[in-house]
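Here is the structure we will look at, set down as structure tokens.
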Amino acid sequence: MNISKNWLATYIDLAGLDTSEMADMLTFAGVEVEAMHERGVHSDQVVVAQVVQKTPVEGSDHLNVCMVDAGERSLRQIVCGAQNYKVGDKVPCALPGAVLPGGWQIKEGKMMGHASCGMLCSASELGLPDKEHGLWILSEQYEVGTPVRQFTPTDTLFELEITPNRPDLLSHWGMARELAGITGRSLKADPGDTPLQTEPAAENIRLSAPDICPLYTATRIRGVKIAPSPEWLAERLIAIGLRPINNVVDITNYCLFELGHPLHAFDAAHVQGPFNIRRAHHGERFTSLMDEQYELQECDLVISDTSDNALALAGIMGGKNSGVTEQTTEVILESAWFLPASVRHTSRRLGLGSDSSYRFERGASAWNVLRAASRAVQLILQCAGGEAEPTAVAGHAPCIVPEQQARQSTVLEQGSAAKVFCALPQVQLDWRDLDVMTHASIPHMEAARILRNLGLKEIAPGCWDTPPWRLDLKRSCDLLEEIVRVYGIGNIPSTRTAIYVPETPQDRAHDFRCQLTRHLAGAGFWEVQTFKLIADQSTDPMIACVQYALPIKPLQDGDLIRVALPLSEDHAVLRPSLSPGLLAVAARNLNQGMDVLRFFECGRVFRNTGGGKGKDIESEVLGILMAGKLSPAGWDSLTPPCVQPQHLTAVLANLLPKQRVSITPAKLSRPAAALCADIQVNGQTCGFLARVALSACRTLGLPQDCYYAELDLRKLQQLATTPFKVRELALYPASGRDATLELPIEVQHADVIKAVESAKQKLLESCRLKEIFRDPSGEKLSTDRKAMTYSFLYRNPSATLTAAEVDAAHGEMLQALASKLPGVKFR
């Protein structure tokens, strides 16, 4: 939002307050000043000059060589392209060395072979509103050589970033009120505190959607004369970047930026009968003031008349056929309150925004409805003439707290119809909380003064009455935040005293995640952070979408949580897994020439439970992706091997060095996975490992060998903290035996390990797979069988084994395998 310092100074005394000091003051109070723009002439080298001679440049259709008197001993030659001046006119002249707004420094130069020692200026080139098209023609009363800054106003434009919870700051009066609270300076007369005659609306306003528009007012003004706005009004709008249109429209814009409440003026000649504030018909067409057509839905709110034509899109923009024009002689001024969620929904859906919707979306206060109307009526009668009828008021202000807790106060009692506004509840403030927060560094009297400067009233000890424009002050902590914000956090002395806080489960979870992060980073993985919102379907392979999701638990119909009003199709679903984001990251890095793809992310995933019939849940998971080459190419390895599943398995085992990590065939398949296995820690499943389907790899442009693992962090933390028993080093040597098992091809490694464990051979210390052999040709081994070579290690913890003891134990093991594995043969 743009704020003019000159405009602001009409509401609060800013004498002695430097612009940079003012910017720092606002920034430290929570109102970010993004930029400051100086308007007007600040240089003494921009002077009044008189054109003495004007000669066209040969070969040019618009340039002239001018000899001008700038108050120097001799005439100055300047080449100028403007056409609206003549010999004898006085115009601004920027001498060499002058710096114009925007940091543009004037230098001597040549144009089409003619020397130009300066520049003749238009008003806009000096940061002022243009008076005419071309050079600024000055009055004859100004003496040649006089610096222009002596008779032109200067201004500073503050570009502010207002947080969504402070809609009361979206106006000059609101900002003046904030500065008064920060600095303690007094405010001048309230521009909205003007008399307004009101009457209850009988048949001229119909509220067909009171849940969306509970309060609507209309003021008919007859006999207005549409004309250009007065100079003071036009200059203020131009100062903040608006283009003047006509006096009535400019007044509605002026009141918007003065008091912060949107208004709209209808041409009464195009309004047939009473207003009807209703929901739009499905498929209804609306043409805006910008001459753009929109198709409406039943969720949209419109202002219509008895002809059922949509005259305006409520809270957003007026219609093309009902706007004020030069032929208008009678206007109807609208001032209303619309539900923020409704305005936001329509604005986002149609992609149609305005200064009006910007304020309604953030929660403009209903307290301002009649104030803005009274101010606008006063200015219209002053600038456009006419006669105003009493303001018709339909409905009542919305109750912003539950009725049983509401504190009703007659804020406006103007005319014959006093309106009751439900303000915020009274807030109880405990001074002990302030002492604990600030170590008693802020005196209670100073804190109370700050609250009073912000518009609050203490109606009982510790009980504060909040102002109707501060809808964000609802709790004691809100008042404490205001006190510290205005007092200045930099003015609170630091202390070395620390408060002991016992460790919480959240602390332990954070430390565990940090431990995993350090371990994976040390193993050569890159940590990434991806969006929690992904696309449902997308034709762009670089955009993560649900079809690439590999959740820990396979998705059912209704499990996805979709965004009701997504900002774009690429952010329509809450991610059920980290895999879409990690796959997209891997694809982008591969496109940039990176062939070693190792990424991980700790983050939240979201889903419904019970196929959408349960409650929404979110959980913390760890996603790990490995693809491409195992290591970069180098002198020792020109063609590094590709990643294999055992490499990711080794990474998982190293994450929990003190626990038993095993990989077992997955019970549930996942559509985006070619192969899938469950990850078990100490016999409990806490995640899965998968090879990404080749179709997904081709779509994303990833290598065929792309492996992904996802683990539940909560379960992983529980299993990682399981007490670990340390055993002593063996005193006696072990002895090994190898065995090759010929098995049916459907028998898996996990089946062999299960059979080995069930044998319960006391001397067996470990069993390790060494090699797998298959013969697709069928010459050496049938195509439906495979050979798996295992290494068995035997040890007696109390004595040295003899060869006979090892052979006996190994024989028992082979017999056990023969009885438990169907179709096994030993080689």
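Residues in the structure tokens are numbered from 1 in each chain, the chains being A, B, ... in the order shown, and ligands are numbered from 1 in the order shown.
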
Inset, instruction - Write out as a ChimeraX atom specification each polymer residue whose atoms come within 8 Å of stretch 22-34 of chain A, counting only C-alpha atoms; drop sequence neighbours fewer than 4 positions from it. - result: /A:17-18,158-163,179,182,485-486,488

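The two atoms in question, atom CA of A:Ala234 and atom CA of A:Arg359, are spaced 22.3 Å apart.
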
Inset, instruction - Name the closest residue to A:Leu625 among the candidates A:Gln644, A:Asn253, A:Thr740, A:Thr504; distances are taken between atoms, counting only C-alpha atoms. - result: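 Among the listed residues, the smallest separation from A:Leu625 belongs to A:Gln644.
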
Legend entry - Between atom CA of A:Glu203 and atom CA of A:Ser374, distance in Å (one decimal): 21.9 Å

Inset, instruction - Per DSSP on the backbone, filter stretch 601-794 of chain A down to the residues in helix (DSSP H, G or I) and report them as a ChimeraX atom specification. - result: /A:645-655,694-700,713-720,749-759

Deliver the residues from the most recent selection as a file, using N, CA and C atoms, as a tab-separated table (two decimals), in the first residue's frame.
```tsv
chain	number	residue	atom	x	y	z
A	645	PRO	N	19.92	-51.84	-5.34
A	645	PRO	CA	19.12	-51.78	-4.10
A	645	PRO	C	19.93	-52.01	-2.84
A	646	GLN	N	20.99	-52.85	-2.93
A	646	GLN	CA	21.77	-53.11	-1.72
A	646	GLN	C	22.49	-51.86	-1.22
A	647	HIS	N	22.73	-50.88	-2.13
A	647	HIS	CA	23.38	-49.65	-1.68
A	647	HIS	C	22.45	-48.85	-0.78
A	648	LEU	N	21.19	-48.77	-1.15
A	648	LEU	CA	20.23	-48.07	-0.31
A	648	LEU	C	19.96	-48.86	0.96
A	649	THR	N	19.98	-50.17	0.85
A	649	THR	CA	19.82	-51.01	2.05
A	649	THR	C	20.95	-50.76	3.04
A	650	ALA	N	22.18	-50.60	2.53
A	650	ALA	CA	23.32	-50.33	3.41
A	650	ALA	C	23.17	-48.97	4.08
A	651	VAL	N	22.63	-47.98	3.36
A	651	VAL	CA	22.41	-46.66	3.96
A	651	VAL	C	21.41	-46.77	5.10
A	652	LEU	N	20.34	-47.54	4.90
A	652	LEU	CA	19.34	-47.72	5.95
A	652	LEU	C	19.92	-48.43	7.16
A	653	ALA	N	20.75	-49.42	6.92
A	653	ALA	CA	21.38	-50.15	8.03
A	653	ALA	C	22.31	-49.24	8.82
A	654	ASN	N	23.01	-48.34	8.14
A	654	ASN	CA	23.92	-47.43	8.83
A	654	ASN	C	23.20	-46.34	9.61
A	655	LEU	N	21.94	-46.07	9.24
A	655	LEU	CA	21.17	-45.09	10.01
A	655	LEU	C	20.93	-45.56	11.44
A	694	LEU	N	9.42	-48.24	-14.19
A	694	LEU	CA	10.13	-47.76	-15.38
A	694	LEU	C	9.31	-46.73	-16.13
A	695	SER	N	7.97	-46.86	-16.11
A	695	SER	CA	7.13	-45.88	-16.80
A	695	SER	C	7.29	-44.50	-16.18
A	696	ALA	N	7.35	-44.44	-14.83
A	696	ALA	CA	7.55	-43.15	-14.17
A	696	ALA	C	8.95	-42.60	-14.46
A	697	CYS	N	9.95	-43.48	-14.49
A	697	CYS	CA	11.32	-43.04	-14.79
A	697	CYS	C	11.41	-42.47	-16.21
A	698	ARG	N	10.74	-43.11	-17.16
A	698	ARG	CA	10.76	-42.61	-18.53
A	698	ARG	C	10.06	-41.26	-18.63
A	699	THR	N	8.94	-41.12	-17.92
A	699	THR	CA	8.20	-39.85	-17.97
A	699	THR	C	9.03	-38.71	-17.40
A	700	LEU	N	9.73	-38.98	-16.29
A	700	LEU	CA	10.51	-37.94	-15.63
A	700	LEU	C	11.91	-37.80	-16.21
A	713	LEU	N	8.94	-41.60	10.84
A	713	LEU	CA	9.91	-41.11	11.81
A	713	LEU	C	9.53	-41.43	13.24
A	714	ARG	N	8.23	-41.41	13.54
A	714	ARG	CA	7.83	-41.71	14.92
A	714	ARG	C	8.17	-43.14	15.29
A	715	LYS	N	7.83	-44.08	14.41
A	715	LYS	CA	8.18	-45.47	14.68
A	715	LYS	C	9.69	-45.68	14.69
A	716	LEU	N	10.36	-45.01	13.75
A	716	LEU	CA	11.81	-45.14	13.67
A	716	LEU	C	12.48	-44.66	14.94
A	717	GLN	N	11.97	-43.56	15.51
A	717	GLN	CA	12.54	-43.04	16.74
A	717	GLN	C	12.32	-44.00	17.90
A	718	GLN	N	11.12	-44.58	17.97
A	718	GLN	CA	10.84	-45.54	19.04
A	718	GLN	C	11.76	-46.75	18.96
A	719	LEU	N	11.97	-47.26	17.74
A	719	LEU	CA	12.81	-48.44	17.58
A	719	LEU	C	14.29	-48.11	17.76
A	720	ALA	N	14.67	-46.88	17.39
A	720	ALA	CA	16.07	-46.49	17.51
A	720	ALA	C	16.49	-46.33	18.96
A	749	HIS	N	15.12	-64.77	-1.06
A	749	HIS	CA	16.18	-64.75	-0.03
A	749	HIS	C	15.57	-64.72	1.37
A	750	ALA	N	14.48	-63.97	1.53
A	750	ALA	CA	13.85	-63.89	2.86
A	750	ALA	C	13.34	-65.25	3.32
A	751	ASP	N	12.89	-66.11	2.37
A	751	ASP	CA	12.43	-67.45	2.75
A	751	ASP	C	13.59	-68.30	3.25
A	752	VAL	N	14.75	-68.16	2.62
A	752	VAL	CA	15.93	-68.91	3.06
A	752	VAL	C	16.35	-68.46	4.46
A	753	ILE	N	16.40	-67.15	4.70
A	753	ILE	CA	16.81	-66.64	6.01
A	753	ILE	C	15.82	-67.10	7.08
A	754	LYS	N	14.54	-67.12	6.74
A	754	LYS	CA	13.54	-67.57	7.70
A	754	LYS	C	13.76	-69.04	8.05
A	755	ALA	N	14.10	-69.85	7.06
A	755	ALA	CA	14.36	-71.27	7.31
A	755	ALA	C	15.62	-71.45	8.14
A	756	VAL	N	16.63	-70.64	7.88
A	756	VAL	CA	17.87	-70.72	8.67
A	756	VAL	C	17.61	-70.38	10.12
A	757	GLU	N	16.84	-69.31	10.36
A	757	GLU	CA	16.55	-68.90	11.74
A	757	GLU	C	15.70	-69.93	12.47
A	758	SER	N	14.77	-70.57	11.74
A	758	SER	CA	13.91	-71.55	12.40
A	758	SER	C	14.66	-72.83	12.78
A	759	ALA	N	15.82	-73.08	12.12
A	759	ALA	CA	16.61	-74.27	12.46
A	759	ALA	C	17.22	-74.18	13.85
```

Legend entry - Coordinates-based distance that separates atom CA of A:Gly241 from atom CA of A:Ala227 (Å, one decimal):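 Atom CA of A:Ala227 sits 20.5 Å away from atom CA of A:Gly241.
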